[in-house]
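**Student:** Quick one: the structure is below, questions incoming.
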Amino acid sequence: MSDNGQGGKTEGEATRSRLRRELAAQGNHRCRIVVTGGPGGGKTTAADLFRREIGERVVVVPEAATLIFSGGFPRCAKPPGSLAAQHAIFHVQRNLEDVQSSQYPDRILLCDRGTVDGAAYWPGEPEEFFAELGTTLERELGRYDGVIFFESAAVGGMGIEGGNPVRNESMEQAAVLDGKLHALWEHHPRFVVVRHNRSFFKKISFGLAELEAMVAELDARRGVKG
């Protein structure tokens with residue numbers, strides 16, 4: 001990271017400071033929490049368990065990529081197919097969040113991935129992804145109030161086999177994607193990492209505790225009683 005000249009702050013620190021001020025100023029607004037991370041991190045399992053645990057206080061926004069590819073959208077490894085897929089995923093993700101926001105105005109949205117994720121899957125540089133879609137990293141980070149990052153099991157050299165038939169990454173690819181996603185989302189001021197653990201139960205338990213704490217914090221800010 002480079003120094004941006006603002007009191008010795010790095011560019012990433014300056015971004016987090018601006019977002020922190022903006023989120024604090026928004027007050028009682030629609031709240032969104034992203035559950036993200038590399039493939040095989042357990043994020044979808046955690047989101048589903050959390051929804052079952054606390055019920056109507058949150059609504060889960062499903063992963064756009066899974067909906068798109070399981071619905072028949074062709075999966076191509078090379079451009080222009082891969083570029084078209086990321087365009088589609090970005091817009092479906094945004095629209096899913098907006099629809100759920102309008103349908104459930106009093107609930108916190110728990111998003112299975114967010115609009116930032118596509119930059120890690122983009123075949124070029126992240127800056128190209130945001131420019132192509134007419135937005136910026138900072139603008140997309142600002143859509144969310146918190147980020148829970150479930151580190152991929154591949155980072156610890158463990159298998160990433162799971163129940164999602166759409167996922168096709170190798171362990172090596174999953175570890176690389178985990179690093180790219182971490183580098184993008186870490187600029188958010190409310191960013192929590194759930195590290196890989198050989199005990200999936202311990203990992204999920206820690207992740208659920210972090211989610212519960214974040215929801216309680218956002219509810220308190222909105223004046224909602226638990």
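All residue names refer to the structure tokens as shown: chains lettered A, B, ... in order, residues numbered from 1 in each chain, ligands numbered from 1 in order.
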Considering only C-alpha atoms, return as a list in words whatever protein or nucleic-acid residues lie within 7 Å of Gly114 (chain A), sequence-local ones (same chain, fewer than 3 positions apart) excluded.

**Tutor:**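 That gives Val34, Gln93, Cys111 and Asp117 of chain A.
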
**Student:** Generate the output file for the selected residues, C-alpha atoms, as an mmCIF file, in the first residue's frame.

**Tutor:**
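The resulting file, result-v3.cif, is shown below:
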data_model
loop_
_atom_site.group_PDB
_atom_site.id
_atom_site.type_symbol
_atom_site.label_atom_id
_atom_site.label_comp_id
_atom_site.auth_asym_id
_atom_site.auth_seq_id
_atom_site.Cartn_x
_atom_site.Cartn_y
_atom_site.Cartn_z
ATOM 1 C CA VAL A 34 -21.644 -10.053 3.925
ATOM 2 C CA GLN A 93 -26.272 -9.920 -6.687
ATOM 3 C CA CYS A 111 -25.563 -11.798 2.054
ATOM 4 C CA ASP A 117 -16.417 -10.728 -4.796
#

**Student:** Show me, as a tab-separated table, the residues of region 35-89 of chain A having an atom within 12 Å of region 184-188 of chain A, each with the closest atom pair and its distance in Å, using only C-alpha atoms.

**Tutor:**
residue	atom	partner	partner_atom	distance
A:Val35	CA	A:Trp185	CA	10.7
A:Thr36	CA	A:Trp185	CA	8.9
A:Gly37	CA	A:Trp185	CA	9.1
A:Gly38	CA	A:Trp185	CA	11.7

**Student:** Which is closest to Ala119 (chain A) among A:Arg222, A:Lys43, A:Arg16, A:His182, if we use only C-alpha atoms?

**Tutor:**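 Checking each of A:Arg222, A:Lys43, A:Arg16, A:His182 against Ala119 (chain A), counting only C-alpha atoms, the winner is A:His182.
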
**Student:** Suppose you want the space between CA of Phe90 (chain A) and CA of Leu181 (chain A); what is it in Å?

**Tutor:**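 Atom-to-atom, CA of Phe90 (chain A) to CA of Leu181 (chain A), that is 14.9 Å.
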
**Student:** Based on the backbone DSSP call, show me all residues of chain A assigned strand (DSSP E), as a VMD selection string.

**Tutor:** chain A and resid 32 to 36 58 to 61 108 to 112 146 to 150 191 to 194

**Student:** Of the residues A:Arg18, A:Arg32, A:Lys203, A:Arg190, which is the one nearest to Glu97 (chain A), using only C-alpha atoms?

**Tutor:**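 So, comparing all the options, the nearest one is A:Arg32.
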
**Student:** CA of Pro74 (chain A) and CA of Glu151 (chain A) are how many Å apart?

**Tutor:**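 Atom-to-atom, CA of Pro74 (chain A) and CA of Glu151 (chain A) are spaced 27.7 Å apart.
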
**Student:** When DSSP is applied to the backbone of this structure, which of region 104-218 of chain A are assigned helix (DSSP H, G or I)? Write them out as a ChimeraX atom specification.

**Tutor:** /A:118-121,126-132,137-141,153-156,171-185,200-218

**Student:** Let's have the selection written as a compact mmCIF listing (two decimals), in the first residue's frame, with N, CA and C atoms.

**Tutor:**
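Printed below is again-v5.txt as written:
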# COMPACT_ATOMS: atom_id res chain seq x y z
N GLY A 118 -16.81 -10.39 -7.16
CA GLY A 118 -16.54 -10.60 -8.58
C GLY A 118 -15.16 -10.14 -9.01
N ALA A 119 -14.60 -9.16 -8.31
CA ALA A 119 -13.27 -8.65 -8.68
C ALA A 119 -12.19 -9.70 -8.51
N ALA A 120 -12.41 -10.65 -7.59
CA ALA A 120 -11.43 -11.72 -7.37
C ALA A 120 -11.52 -12.78 -8.46
N TYR A 121 -12.68 -12.91 -9.08
CA TYR A 121 -12.89 -13.90 -10.13
C TYR A 121 -12.69 -13.31 -11.53
N PRO A 126 -8.43 -6.11 -10.43
CA PRO A 126 -9.67 -5.67 -9.77
C PRO A 126 -10.15 -4.30 -10.24
N GLU A 127 -9.19 -3.39 -10.48
CA GLU A 127 -9.57 -2.05 -10.93
C GLU A 127 -10.33 -2.10 -12.25
N GLU A 128 -9.96 -3.05 -13.11
CA GLU A 128 -10.64 -3.20 -14.39
C GLU A 128 -12.08 -3.67 -14.18
N PHE A 129 -12.27 -4.54 -13.22
CA PHE A 129 -13.62 -5.04 -12.92
C PHE A 129 -14.53 -3.90 -12.52
N PHE A 130 -14.10 -3.08 -11.57
CA PHE A 130 -14.95 -2.00 -11.09
C PHE A 130 -15.18 -0.94 -12.17
N ALA A 131 -14.13 -0.65 -12.96
CA ALA A 131 -14.28 0.33 -14.04
C ALA A 131 -15.26 -0.18 -15.09
N GLU A 132 -15.17 -1.46 -15.42
CA GLU A 132 -16.05 -2.06 -16.42
C GLU A 132 -17.51 -1.99 -15.99
N LEU A 137 -14.33 0.15 -5.84
CA LEU A 137 -14.25 -0.72 -4.67
C LEU A 137 -14.87 -0.04 -3.46
N GLU A 138 -14.54 1.22 -3.26
CA GLU A 138 -15.05 1.93 -2.09
C GLU A 138 -16.57 2.04 -2.11
N ARG A 139 -17.13 2.30 -3.28
CA ARG A 139 -18.59 2.41 -3.38
C ARG A 139 -19.27 1.09 -3.05
N GLU A 140 -18.69 -0.01 -3.53
CA GLU A 140 -19.30 -1.32 -3.27
C GLU A 140 -19.12 -1.73 -1.81
N LEU A 141 -17.96 -1.45 -1.23
CA LEU A 141 -17.77 -1.73 0.19
C LEU A 141 -18.79 -0.96 1.03
N ALA A 153 -10.68 -23.65 3.77
CA ALA A 153 -9.92 -24.78 4.33
C ALA A 153 -8.67 -25.05 3.49
N ALA A 154 -8.71 -24.64 2.22
CA ALA A 154 -7.56 -24.87 1.33
C ALA A 154 -6.32 -24.12 1.81
N VAL A 155 -6.51 -23.02 2.53
CA VAL A 155 -5.38 -22.26 3.05
C VAL A 155 -4.57 -23.12 4.03
N GLY A 156 -5.25 -24.00 4.74
CA GLY A 156 -4.59 -24.89 5.68
C GLY A 156 -4.26 -26.25 5.09
N MET A 171 -7.93 -27.17 -4.91
CA MET A 171 -7.45 -26.61 -3.65
C MET A 171 -6.53 -25.43 -3.89
N GLU A 172 -5.66 -25.53 -4.89
CA GLU A 172 -4.73 -24.44 -5.20
C GLU A 172 -5.49 -23.19 -5.64
N GLN A 173 -6.48 -23.37 -6.51
CA GLN A 173 -7.28 -22.24 -6.97
C GLN A 173 -8.07 -21.62 -5.83
N ALA A 174 -8.59 -22.47 -4.95
CA ALA A 174 -9.36 -21.97 -3.81
C ALA A 174 -8.49 -21.11 -2.89
N ALA A 175 -7.25 -21.54 -2.66
CA ALA A 175 -6.35 -20.77 -1.80
C ALA A 175 -6.01 -19.42 -2.42
N VAL A 176 -5.79 -19.40 -3.74
CA VAL A 176 -5.49 -18.14 -4.43
C VAL A 176 -6.68 -17.20 -4.37
N LEU A 177 -7.88 -17.72 -4.62
CA LEU A 177 -9.08 -16.90 -4.56
C LEU A 177 -9.30 -16.35 -3.15
N ASP A 178 -9.01 -17.16 -2.14
CA ASP A 178 -9.15 -16.72 -0.76
C ASP A 178 -8.28 -15.49 -0.50
N GLY A 179 -7.03 -15.52 -0.99
CA GLY A 179 -6.13 -14.39 -0.81
C GLY A 179 -6.62 -13.14 -1.52
N LYS A 180 -7.14 -13.32 -2.74
CA LYS A 180 -7.64 -12.17 -3.50
C LYS A 180 -8.86 -11.55 -2.82
N LEU A 181 -9.75 -12.41 -2.36
CA LEU A 181 -10.95 -11.92 -1.68
C LEU A 181 -10.61 -11.20 -0.38
N HIS A 182 -9.67 -11.76 0.36
CA HIS A 182 -9.23 -11.13 1.61
C HIS A 182 -8.66 -9.75 1.33
N ALA A 183 -7.85 -9.63 0.29
CA ALA A 183 -7.21 -8.36 -0.05
C ALA A 183 -8.23 -7.29 -0.44
N LEU A 184 -9.37 -7.70 -0.98
CA LEU A 184 -10.42 -6.76 -1.36
C LEU A 184 -11.26 -6.34 -0.16
N TRP A 185 -11.74 -7.32 0.59
CA TRP A 185 -12.68 -7.03 1.68
C TRP A 185 -12.02 -6.45 2.92
N PHE A 200 -14.16 -28.31 12.01
CA PHE A 200 -15.16 -27.48 11.35
C PHE A 200 -16.18 -26.98 12.37
N PHE A 201 -16.49 -27.80 13.37
CA PHE A 201 -17.43 -27.39 14.40
C PHE A 201 -16.91 -26.15 15.14
N LYS A 202 -15.63 -26.15 15.51
CA LYS A 202 -15.06 -25.00 16.20
C LYS A 202 -15.07 -23.76 15.32
N LYS A 203 -14.74 -23.95 14.05
CA LYS A 203 -14.73 -22.82 13.12
C LYS A 203 -16.12 -22.22 12.98
N ILE A 204 -17.12 -23.07 12.75
CA ILE A 204 -18.48 -22.58 12.59
C ILE A 204 -18.98 -21.93 13.87
N SER A 205 -18.65 -22.51 15.02
CA SER A 205 -19.08 -21.94 16.30
C SER A 205 -18.51 -20.55 16.50
N PHE A 206 -17.22 -20.39 16.16
CA PHE A 206 -16.60 -19.07 16.27
C PHE A 206 -17.25 -18.09 15.30
N GLY A 207 -17.48 -18.54 14.07
CA GLY A 207 -18.10 -17.69 13.07
C GLY A 207 -19.50 -17.25 13.46
N LEU A 208 -20.28 -18.17 14.01
CA LEU A 208 -21.63 -17.83 14.45
C LEU A 208 -21.61 -16.84 15.60
N ALA A 209 -20.64 -16.98 16.50
CA ALA A 209 -20.52 -16.03 17.62
C ALA A 209 -20.19 -14.63 17.09
N GLU A 210 -19.31 -14.55 16.08
CA GLU A 210 -18.97 -13.26 15.49
C GLU A 210 -20.17 -12.66 14.77
N LEU A 211 -20.92 -13.49 14.07
CA LEU A 211 -22.13 -13.01 13.41
C LEU A 211 -23.14 -12.47 14.41
N GLU A 212 -23.34 -13.21 15.48
CA GLU A 212 -24.30 -12.79 16.51
C GLU A 212 -23.89 -11.46 17.13
N ALA A 213 -22.59 -11.30 17.38
CA ALA A 213 -22.09 -10.05 17.96
C ALA A 213 -22.29 -8.89 17.00
N MET A 214 -22.05 -9.13 15.70
CA MET A 214 -22.21 -8.07 14.72
C MET A 214 -23.67 -7.68 14.56
N VAL A 215 -24.56 -8.66 14.52
CA VAL A 215 -25.99 -8.37 14.42
C VAL A 215 -26.46 -7.59 15.65
N ALA A 216 -25.99 -7.99 16.84
CA ALA A 216 -26.37 -7.29 18.07
C ALA A 216 -25.90 -5.83 18.02
N GLU A 217 -24.68 -5.62 17.50
CA GLU A 217 -24.15 -4.25 17.39
C GLU A 217 -25.00 -3.41 16.44
N LEU A 218 -25.35 -4.00 15.29
CA LEU A 218 -26.15 -3.25 14.31
C LEU A 218 -27.57 -3.01 14.81
